[in-house]
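Next comes my_file32.pdb, with PDB, C-alpha atoms.
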```pdb
ATOM      1  CA  MET J1224     125.819 120.093 100.712
ATOM      2  CA  LEU J1225     126.307 121.908  97.391
ATOM      3  CA  ILE J1226     128.725 119.183  96.286
ATOM      4  CA  ALA J1227     126.274 116.517  97.464
ATOM      5  CA  VAL J1228     123.442 118.110  95.488
ATOM      6  CA  THR J1229     125.631 118.333  92.371
ATOM      7  CA  VAL J1230     126.871 114.726  92.417
ATOM      8  CA  TRP J1231     123.452 113.343  93.403
ATOM      9  CA  SER J1232     121.875 115.222  90.479
ATOM     10  CA  ALA J1233     124.609 113.832  88.206
ATOM     11  CA  MET J1234     123.761 110.308  89.363
ATOM     12  CA  MET J1235     120.089 110.780  88.502
ATOM     13  CA  ILE J1236     120.960 112.174  85.063
ATOM     14  CA  LEU J1237     123.265 109.200  84.375
ATOM     15  CA  VAL J1238     120.594 106.704  85.473
ATOM     16  CA  LYS J1239     118.047 108.449  83.240
ATOM     17  CA  ALA J1240     120.437 108.196  80.276
ATOM     18  CA  LEU J1241     121.175 104.509  80.925
ATOM     19  CA  SER J1242     117.556 103.454  81.526
ATOM     20  CA  ALA J1243     116.825 103.109  77.811
ATOM     21  CA  GLU J1244     119.330 100.244  77.437
ATOM     22  CA  TYR J1245     119.623  98.651  80.883
ATOM     23  CA  THR J1246     117.143  97.551  83.550
ATOM     24  CA  SER J1247     117.029  99.247  86.934
ATOM     25  CA  PHE J1248     118.204  95.941  88.471
ATOM     26  CA  GLN J1249     121.426  95.945  86.451
ATOM     27  CA  ILE J1250     122.115  99.650  87.029
ATOM     28  CA  LEU J1251     121.559  99.217  90.771
ATOM     29  CA  PHE J1252     123.745  96.078  90.908
ATOM     30  CA  ILE J1253     126.676  97.756  89.150
ATOM     31  CA  ARG J1254     126.201 100.888  91.272
ATOM     32  CA  THR J1255     126.435  98.734  94.410
ATOM     33  CA  LEU J1256     129.554  96.929  93.122
ATOM     34  CA  PHE J1257     131.341 100.209  92.474
ATOM     35  CA  GLY J1258     130.194 101.467  95.868
ATOM     36  CA  LEU J1259     131.832  98.438  97.497
ATOM     37  CA  ALA J1260     135.013  99.007  95.478
ATOM     38  CA  ILE J1261     135.172 102.588  96.760
ATOM     39  CA  LEU J1262     134.540 101.490 100.365
ATOM     40  CA  THR J1263     137.027  98.578 100.373
ATOM     41  CA  PRO J1264     140.147 100.739 101.036
ATOM     42  CA  ILE J1265     138.356 102.343 104.012
ATOM     43  CA  LEU J1266     137.428  98.893 105.317
ATOM     44  CA  TRP J1267     141.010  97.676 104.807
ATOM     45  CA  ARG J1268     142.400 100.678 106.703
ATOM     46  CA  ASN J1269     139.961 100.367 109.605
ATOM     47  CA  GLY J1270     140.209  96.579 109.774
ATOM     48  CA  PHE J1271     137.616  93.907 108.993
ATOM     49  CA  SER J1272     136.626  93.909 112.662
ATOM     50  CA  THR J1273     134.514  96.922 111.623
ATOM     51  CA  LEU J1274     132.009  94.407 110.226
ATOM     52  CA  LYS J1275     131.572  92.668 113.568
ATOM     53  CA  THR J1276     127.962  93.092 114.631
ATOM     54  CA  ARG J1277     125.280  91.565 116.808
ATOM     55  CA  ARG J1278     122.499  93.225 114.829
ATOM     56  CA  LEU J1279     122.681  91.468 111.473
ATOM     57  CA  PRO J1280     118.861  91.102 111.179
ATOM     58  CA  LEU J1281     118.468  94.885 111.507
ATOM     59  CA  HIS J1282     121.248  95.434 108.946
ATOM     60  CA  MET J1283     119.366  93.077 106.621
ATOM     61  CA  SER J1284     116.098  94.963 107.132
ATOM     62  CA  ARG J1285     117.833  98.253 106.411
ATOM     63  CA  ALA J1286     119.407  96.791 103.235
ATOM     64  CA  VAL J1287     116.049  95.466 101.949
ATOM     65  CA  PHE J1288     114.346  98.842 102.482
ATOM     66  CA  ALA J1289     117.298 100.739 100.963
ATOM     67  CA  TYR J1290     117.224  98.380  97.971
ATOM     68  CA  PHE J1291     113.534  98.975  97.278
ATOM     69  CA  GLY J1292     113.984 102.705  97.896
ATOM     70  CA  MET J1293     116.766 102.983  95.319
ATOM     71  CA  LEU J1294     115.002 100.610  92.915
ATOM     72  CA  GLY J1295     111.879 102.786  93.060
ATOM     73  CA  LEU J1296     113.988 105.863  92.318
ATOM     74  CA  PHE J1297     115.734 104.187  89.355
ATOM     75  CA  ILE J1298     112.494 102.783  87.883
ATOM     76  CA  GLY J1299     110.900 106.213  88.220
ATOM     77  CA  LEU J1300     113.804 107.854  86.391
ATOM     78  CA  GLY J1301     113.180 105.542  83.444
ATOM     79  CA  SER J1302     109.407 106.122  83.476
ATOM     80  CA  ILE J1303     108.569 109.769  84.227
ATOM     81  CA  PRO J1304     110.244 113.195  83.821
ATOM     82  CA  ILE J1305     113.325 113.576  85.981
ATOM     83  CA  ALA J1306     112.032 116.786  87.627
ATOM     84  CA  GLU J1307     108.906 114.954  88.789
ATOM     85  CA  VAL J1308     111.062 112.178  90.300
ATOM     86  CA  VAL J1309     113.096 114.738  92.280
ATOM     87  CA  SER J1310     109.971 116.570  93.417
ATOM     88  CA  LEU J1311     108.397 113.365  94.744
ATOM     89  CA  SER J1312     111.677 112.354  96.431
ATOM     90  CA  PHE J1313     111.386 115.479  98.621
ATOM     91  CA  THR J1314     108.622 113.639 100.539
ATOM     92  CA  GLN J1315     111.139 111.284 102.171
ATOM     93  CA  PRO J1316     111.740 113.394 105.343
ATOM     94  CA  ILE J1317     107.973 113.705 105.802
ATOM     95  CA  PHE J1318     107.603 109.914 105.772
ATOM     96  CA  ILE J1319     110.575 109.572 108.156
ATOM     97  CA  PHE J1320     108.912 111.728 110.828
ATOM     98  CA  LEU J1321     105.604 109.913 110.361
ATOM     99  CA  LEU J1322     107.230 106.464 110.721
ATOM    100  CA  ALA J1323     109.347 107.614 113.667
ATOM    101  CA  ALA J1324     106.137 108.511 115.468
ATOM    102  CA  ILE J1325     104.490 105.176 114.644
ATOM    103  CA  LEU J1326     107.461 102.816 115.119
ATOM    104  CA  LEU J1327     109.749 104.643 117.566
ATOM    105  CA  GLY J1328     107.133 106.373 119.684
ATOM    106  CA  GLU J1329     108.355 109.893 118.902
ATOM    107  CA  LYS J1330     105.766 112.558 119.689
ATOM    108  CA  LEU J1331     103.805 114.224 116.909
ATOM    109  CA  ASN J1332     103.491 117.849 117.988
ATOM    110  CA  ALA J1333     101.405 120.433 116.150
ATOM    111  CA  ARG J1334     104.312 121.623 113.967
ATOM    112  CA  ARG J1335     105.144 118.098 112.855
ATOM    113  CA  VAL J1336     101.496 117.372 112.012
ATOM    114  CA  ILE J1337     101.192 120.608 109.994
ATOM    115  CA  ALA J1338     104.443 119.870 108.140
ATOM    116  CA  ILE J1339     103.336 116.303 107.328
ATOM    117  CA  LEU J1340      99.941 117.509 106.078
ATOM    118  CA  GLY J1341     101.687 120.215 104.044
ATOM    119  CA  GLY J1342     103.929 117.589 102.449
ATOM    120  CA  PHE J1343     100.964 115.462 101.428
ATOM    121  CA  ALA J1344      99.200 118.568 100.087
ATOM    122  CA  GLY J1345     102.246 119.177  97.879
ATOM    123  CA  VAL J1346     102.001 115.612  96.553
ATOM    124  CA  LEU J1347      98.337 116.172  95.696
ATOM    125  CA  ILE J1348      99.210 119.399  93.846
ATOM    126  CA  LEU J1349     101.949 117.633  91.906
ATOM    127  CA  LEU J1350      99.997 114.491  90.994
ATOM    128  CA  ARG J1351      96.472 116.036  90.785
ATOM    129  CA  PRO J1352      94.608 112.733  91.295
ATOM    130  CA  GLY J1353      91.152 112.901  89.729
ATOM    131  CA  PHE J1354      92.352 115.417  87.117
ATOM    132  CA  THR J1355      95.183 113.342  85.676
ATOM    133  CA  GLU J1356      95.968 109.653  85.989
ATOM    134  CA  VAL J1357      98.538 108.800  88.665
ATOM    135  CA  GLY J1358     100.944 106.687  86.634
ATOM    136  CA  PHE J1359     103.047 103.692  87.580
ATOM    137  CA  GLY J1360     106.277 105.744  87.640
ATOM    138  CA  ALA J1361     104.980 108.272  90.177
ATOM    139  CA  ALA J1362     103.537 105.501  92.379
ATOM    140  CA  VAL J1363     106.866 103.635  92.343
ATOM    141  CA  VAL J1364     108.847 106.765  93.275
ATOM    142  CA  LEU J1365     106.490 107.439  96.207
ATOM    143  CA  GLY J1366     106.798 103.799  97.258
ATOM    144  CA  GLY J1367     110.571 104.188  97.062
ATOM    145  CA  ALA J1368     110.424 107.282  99.275
ATOM    146  CA  ILE J1369     108.463 105.298 101.879
ATOM    147  CA  ALA J1370     111.010 102.444 101.664
ATOM    148  CA  TYR J1371     113.849 104.953 102.155
ATOM    149  CA  ALA J1372     112.024 106.302 105.196
ATOM    150  CA  PHE J1373     111.862 102.783 106.689
ATOM    151  CA  SER J1374     115.584 102.419 105.925
ATOM    152  CA  ASN J1375     116.337 105.633 107.798
ATOM    153  CA  VAL J1376     114.352 104.446 110.825
ATOM    154  CA  CYS J1377     116.528 101.300 110.785
ATOM    155  CA  ILE J1378     119.643 103.502 110.625
ATOM    156  CA  LYS J1379     118.467 105.468 113.640
ATOM    157  CA  LYS J1380     118.126 102.242 115.631
ATOM    158  CA  LEU J1381     121.488 100.913 114.346
ATOM    159  CA  MET J1382     123.330 104.089 115.326
ATOM    160  CA  THR J1383     122.759 103.283 119.004
ATOM    161  CA  THR J1384     125.375 100.498 118.747
ATOM    162  CA  GLU J1385     126.995 100.632 115.263
ATOM    163  CA  ASN J1386     129.216 103.159 113.428
ATOM    164  CA  VAL J1387     128.758 104.872 110.056
ATOM    165  CA  THR J1388     131.446 102.784 108.297
ATOM    166  CA  SER J1389     129.915  99.509 109.478
ATOM    167  CA  THR J1390     126.371 100.391 108.406
ATOM    168  CA  THR J1391     127.520 101.764 105.022
ATOM    169  CA  VAL J1392     129.604  98.682 104.157
ATOM    170  CA  TRP J1393     126.957  96.229 105.373
ATOM    171  CA  VAL J1394     124.196  97.828 103.302
ATOM    172  CA  ASN J1395     126.319  97.569 100.128
ATOM    173  CA  ILE J1396     127.315  93.961 100.850
ATOM    174  CA  LEU J1397     123.707  92.894 101.456
ATOM    175  CA  MET J1398     122.299  94.849  98.517
ATOM    176  CA  CYS J1399     124.644  93.145  96.014
ATOM    177  CA  PRO J1400     122.753  89.807  95.863
ATOM    178  CA  LEU J1401     119.384  91.565  96.124
ATOM    179  CA  ALA J1402     120.143  93.477  92.924
ATOM    180  CA  GLY J1403     122.450  90.893  91.339
ATOM    181  CA  ILE J1404     120.005  87.951  91.196
ATOM    182  CA  PRO J1405     117.265  89.735  89.179
ATOM    183  CA  ALA J1406     119.951  91.583  87.159
ATOM    184  CA  ALA J1407     121.312  88.222  85.958
ATOM    185  CA  PHE J1408     117.990  87.418  84.257
ATOM    186  CA  TYR J1409     117.933  90.700  82.319
ATOM    187  CA  TRP J1410     121.687  91.176  81.853
ATOM    188  CA  VAL J1411     122.907  93.240  78.900
ATOM    189  CA  THR J1412     126.684  93.359  78.433
ATOM    190  CA  PRO J1413     127.631  97.058  78.694
ATOM    191  CA  THR J1414     129.678  98.764  76.000
ATOM    192  CA  LEU J1415     132.860 100.490  77.175
ATOM    193  CA  PRO J1416     131.275 104.005  77.053
ATOM    194  CA  ASP J1417     128.235 102.731  78.979
ATOM    195  CA  LEU J1418     130.493 100.981  81.495
ATOM    196  CA  ALA J1419     132.096 104.352  82.187
ATOM    197  CA  LEU J1420     128.633 105.857  82.748
ATOM    198  CA  LEU J1421     127.675 102.955  85.052
ATOM    199  CA  ALA J1422     130.891 103.509  87.004
ATOM    200  CA  GLY J1423     129.861 107.164  87.225
ATOM    201  CA  VAL J1424     126.554 106.103  88.823
ATOM    202  CA  GLY J1425     128.481 104.180  91.491
ATOM    203  CA  LEU J1426     130.930 107.013  92.100
ATOM    204  CA  THR J1427     128.368 109.825  92.266
ATOM    205  CA  GLY J1428     125.893 107.766  94.314
ATOM    206  CA  THR J1429     128.495 106.856  96.941
ATOM    207  CA  ALA J1430     129.977 110.365  96.962
ATOM    208  CA  GLY J1431     126.523 111.908  97.377
ATOM    209  CA  ILE J1432     125.819 109.849 100.505
ATOM    210  CA  TRP J1433     129.241 110.712 101.953
ATOM    211  CA  PHE J1434     128.940 114.475 101.325
ATOM    212  CA  ILE J1435     125.388 114.604 102.699
ATOM    213  CA  SER J1436     126.569 112.820 105.846
ATOM    214  CA  ARG J1437     129.442 115.296 106.191
ATOM    215  CA  ALA J1438     127.074 118.241 105.709
ATOM    216  CA  TYR J1439     124.725 117.018 108.448
ATOM    217  CA  ALA J1440     127.691 116.333 110.740
ATOM    218  CA  THR J1441     129.144 119.820 110.197
ATOM    219  CA  ALA J1442     126.049 122.028 110.472
ATOM    220  CA  GLU J1443     122.470 121.930 111.678
ATOM    221  CA  MET J1444     120.013 120.239 109.347
ATOM    222  CA  SER J1445     118.001 123.451 108.977
ATOM    223  CA  ALA J1446     121.110 125.213 107.647
ATOM    224  CA  VAL J1447     121.849 122.705 104.882
ATOM    225  CA  VAL J1448     118.403 121.384 103.898
ATOM    226  CA  PRO J1449     117.499 124.467 101.763
ATOM    227  CA  PHE J1450     120.375 123.697  99.384
ATOM    228  CA  ASP J1451     118.764 120.353  98.551
ATOM    229  CA  PHE J1452     116.047 122.214  96.640
ATOM    230  CA  LEU J1453     118.713 123.148  94.043
ATOM    231  CA  ARG J1454     118.396 119.591  92.734
ATOM    232  CA  LEU J1455     115.128 120.595  91.057
ATOM    233  CA  PRO J1456     116.454 123.358  88.731
ATOM    234  CA  ILE J1457     119.584 121.294  87.974
ATOM    235  CA  VAL J1458     117.690 118.179  86.877
ATOM    236  CA  ALA J1459     114.895 120.216  85.231
ATOM    237  CA  ALA J1460     117.505 121.952  83.056
ATOM    238  CA  ALA J1461     119.160 118.604  82.294
ATOM    239  CA  GLY J1462     115.792 117.048  81.456
ATOM    240  CA  TRP J1463     115.053 119.854  79.004
ATOM    241  CA  ILE J1464     118.522 119.905  77.364
ATOM    242  CA  TRP J1465     119.229 116.171  77.074
ATOM    243  CA  PHE J1466     115.845 114.448  77.243
ATOM    244  CA  GLY J1467     113.458 117.066  75.835
ATOM    245  CA  GLU J1468     111.343 117.119  79.004
ATOM    246  CA  ILE J1469     109.339 120.233  79.894
ATOM    247  CA  THR J1470     108.683 120.826  83.605
ATOM    248  CA  ASP J1471     105.089 121.986  84.119
ATOM    249  CA  ILE J1472     103.911 124.531  86.688
ATOM    250  CA  TRP J1473     102.167 121.852  88.792
ATOM    251  CA  THR J1474     105.438 119.994  89.345
ATOM    252  CA  ILE J1475     107.174 123.212  90.445
ATOM    253  CA  ALA J1476     104.278 124.259  92.704
ATOM    254  CA  GLY J1477     103.956 120.813  94.292
ATOM    255  CA  ALA J1478     107.708 120.565  94.834
ATOM    256  CA  ALA J1479     107.756 124.024  96.459
ATOM    257  CA  VAL J1480     104.994 123.070  98.921
ATOM    258  CA  ILE J1481     106.636 119.711  99.762
ATOM    259  CA  PHE J1482     110.012 121.337 100.255
ATOM    260  CA  ALA J1483     108.613 124.226 102.334
ATOM    261  CA  SER J1484     107.029 121.651 104.661
ATOM    262  CA  THR J1485     110.322 119.741 104.933
ATOM    263  CA  TYR J1486     112.274 122.922 105.644
ATOM    264  CA  ALA J1487     109.781 124.074 108.291
ATOM    265  CA  LEU J1488     110.111 120.670 109.932
ATOM    266  CA  ALA J1489     113.925 120.876 109.900
ATOM    267  CA  ARG J1490     113.910 124.355 111.443
ATOM    268  CA  SER J1491     111.467 123.258 114.125
ATOM    269  CA  GLU J1492     113.631 120.246 115.047
ATOM    270  CA  ALA J1493     116.804 122.373 115.135
ATOM    271  CA  ARG J1494     115.116 124.956 117.395
ATOM    272  CA  LYS J1495     113.936 122.193 119.738
ATOM    273  CA  LYS J1496     117.490 120.766 119.953
ATOM    274  CA  ARG J1497     118.941 124.199 120.811
ATOM    275  CA  ILE J1498     116.367 124.625 123.591
TER     276      ILE J1498
END
```
As structure tokens, the full file:
Amino acid sequence: MLIAVTVWSAMMILVKALSAEYTSFQILFIRTLFGLAILTPILWRNGFSTLKTRRLPLHMSRAVFAYFGMLGLFIGLGSIPIAEVVSLSFTQPIFIFLLAAILLGEKLNARRVIAILGGFAGVLILLRPGFTEVGFGAAVVLGGAIAYAFSNVCIKKLMTTENVTSTTVWVNILMCPLAGIPAAFYWVTPTLPDLALLAGVGLTGTAGIWFISRAYATAEMSAVVPFDFLRLPIVAAAGWIWFGEITDIWTIAGAAVIFASTYALARSEARKKRI
């Protein structure tokens, strides 16, 4: 999980640096291409029969939601301070539990309701609607977190019949045209140094997903989730050093409340599984 946090933070820093010259569509398209390049040897080793599926519509739904989730994250990185983007991204697990209750019929017990309300309270602290204007960047990042939550609900349904390799490859294959078509209209030919940075986005993004999956497979979610909060000081320091961004107290306080709610939810779910 520490490696996942490090490489995922590196991806966000790279996207922030590239956003001044390239659109989020192009960055996402190249990130997806490099992700496919990394996954191709695994697909070759396991055989192309891995892609055989009877649930292509659900794969497509997952890809569309994942695309908008990542696009919202990338647009946010180019619009608002990087620490604020990370803080708002902590709401994703809250949205997942809320959607699981609505779409999958999972029960909302008292702990889940309290955690969800706590997460939304953290968002209100961070954004302070009525005291400051809620900008486009923050709204897009929150929309991206909701889209990611929908994507995760699709994954949960896919995992009843599919495997991790199949779902990972399919989402990259289907996201390529989704990002590639709009990227073609705003294409800027990358310089060699920028191409290396774009390759870094693909490498760190794919590695982050893999290491997070390994962390959740190795230990209980409640044991590894606290390490995710380290993303905030890492990107806040990077934002200050490289982009001249100062993280205000409201961002830190809101992030702490959101994360505390997420952690309480993870511990509650782990305790329920043990019982």
Just say which residues the PyMOL selection byres ((chain J and resi 1302) around 9) picks in this file, as a VMD selection string. chain J and resid 1239 1242 1297 to 1301 1303 to 1305 1359 to 1361
So that I have them on file, write out the residues from the current selection with C-alpha atoms, as a PDB file, in the frame of the given file.
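Generated output (part-v4.pdb):
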```
ATOM      1  CA  LYS J1239     118.047 108.449  83.240  1.00  0.00           C
ATOM      2  CA  SER J1242     117.556 103.454  81.526  1.00  0.00           C
ATOM      3  CA  PHE J1297     115.734 104.187  89.355  1.00  0.00           C
ATOM      4  CA  ILE J1298     112.494 102.783  87.883  1.00  0.00           C
ATOM      5  CA  GLY J1299     110.900 106.213  88.220  1.00  0.00           C
ATOM      6  CA  LEU J1300     113.804 107.854  86.391  1.00  0.00           C
ATOM      7  CA  GLY J1301     113.180 105.542  83.444  1.00  0.00           C
ATOM      8  CA  ILE J1303     108.569 109.769  84.227  1.00  0.00           C
ATOM      9  CA  PRO J1304     110.244 113.195  83.821  1.00  0.00           C
ATOM     10  CA  ILE J1305     113.325 113.576  85.981  1.00  0.00           C
ATOM     11  CA  PHE J1359     103.047 103.692  87.580  1.00  0.00           C
ATOM     12  CA  GLY J1360     106.277 105.744  87.640  1.00  0.00           C
ATOM     13  CA  ALA J1361     104.980 108.272  90.177  1.00  0.00           C
TER      14      ALA J1361
END
```
Name the residues in contact with J:Met1224 at a cut-off of 10 Å, using only C-alpha atoms, excluding same-chain residues fewer than 5 positions from it; report them as a list in words.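 Everything that qualifies: Thr1229, Val1230, Gly1431, Phe1434, Ile1435, Ser1436, Arg1437, Ala1438, Tyr1439, Ala1442, Ala1446, Val1447, Val1448, Pro1449, Phe1450 and Asp1451 of chain J.
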Counting only C-alpha atoms, which residue out of J:Val1376, J:Leu1397, J:Val1287, J:Leu1294 sits closest to J:Gly1328?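 Of all the options, J:Val1376 lies closest to J:Gly1328.
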Quick one: which residues end up in the PyMOL selection byres ((chain J and resi 1426) around 10) for this structure, as a ChimeraX atom specification? /J:1230-1231,1234,1254-1255,1257-1258,1260-1261,1420-1425,1427-1431
Evaluating the PyMOL selection byres ((chain J and resi 1344) around 12) on the displayed file yields which residues, as a PyMOL selection string? chain J and resi 1311+1314+1317+1337-1343+1345-1352+1476-1484
Pick out the closest residue to J:Ala1372 from this set: J:Met1293, J:Leu1251, J:Ala1419, J:Ala1459. Count only C-alpha atoms. J:Met1293
Which residue is closest to J:Ile1226? Choose from J:Arg1494, J:Leu1453, J:Leu1296, J:Ala1487 and count all atoms listed in the file. J:Leu1453
Which residue, J:Ala1368, J:Met1235, J:Glu1244, J:Ala1489, has the smallest gap to J:Leu1418 when you use only C-alpha atoms? J:Glu1244
What does the structure give for the distance between atom CA of J:Val1411 and atom CA of J:Phe1248, in Å to one decimal?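 Taking atom CA of J:Val1411 and atom CA of J:Phe1248, their separation equals 11.0 Å.
Minimum distance to J:Thr1263 across J:Leu1381, J:Trp1393, J:Ser1247, J:Leu1327 (counting all atoms listed in the file) occurs at J:Trp1393.
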Residues within 8 Å of J:Tyr1245, all atoms listed in the file, excluding chain neighbours under 4 positions, as a VMD selection string: chain J and resid 1241 1249 to 1250 1410 to 1411
List every protein, DNA or RNA residue that has at least one atom no more than 9 Å from (123.2, 94.0, 97.4) in the file's coordinates, counting all atoms listed in the file, and write the result as a list in words. Leu1251, Phe1252, Thr1255, Leu1256, Ala1286, Val1287, Tyr1290, Val1394, Asn1395, Ile1396, Leu1397, Met1398, Cys1399, Pro1400, Leu1401, Ala1402 and Gly1403 of chain J
Using the selection just defined, write its residues with C-alpha atoms as a PDB file, in the coordinates of the input.
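New file selection07.pdb:
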```
ATOM      1  CA  LEU J1251     121.559  99.217  90.771  1.00  0.00           C
ATOM      2  CA  PHE J1252     123.745  96.078  90.908  1.00  0.00           C
ATOM      3  CA  THR J1255     126.435  98.734  94.410  1.00  0.00           C
ATOM      4  CA  LEU J1256     129.554  96.929  93.122  1.00  0.00           C
ATOM      5  CA  ALA J1286     119.407  96.791 103.235  1.00  0.00           C
ATOM      6  CA  VAL J1287     116.049  95.466 101.949  1.00  0.00           C
ATOM      7  CA  TYR J1290     117.224  98.380  97.971  1.00  0.00           C
ATOM      8  CA  VAL J1394     124.196  97.828 103.302  1.00  0.00           C
ATOM      9  CA  ASN J1395     126.319  97.569 100.128  1.00  0.00           C
ATOM     10  CA  ILE J1396     127.315  93.961 100.850  1.00  0.00           C
ATOM     11  CA  LEU J1397     123.707  92.894 101.456  1.00  0.00           C
ATOM     12  CA  MET J1398     122.299  94.849  98.517  1.00  0.00           C
ATOM     13  CA  CYS J1399     124.644  93.145  96.014  1.00  0.00           C
ATOM     14  CA  PRO J1400     122.753  89.807  95.863  1.00  0.00           C
ATOM     15  CA  LEU J1401     119.384  91.565  96.124  1.00  0.00           C
ATOM     16  CA  ALA J1402     120.143  93.477  92.924  1.00  0.00           C
ATOM     17  CA  GLY J1403     122.450  90.893  91.339  1.00  0.00           C
TER      18      GLY J1403
END
```
One decimal, in Å: what's the spacing between atom CA of J:Val1387 and atom CA of J:Ala1406? 27.9 Å
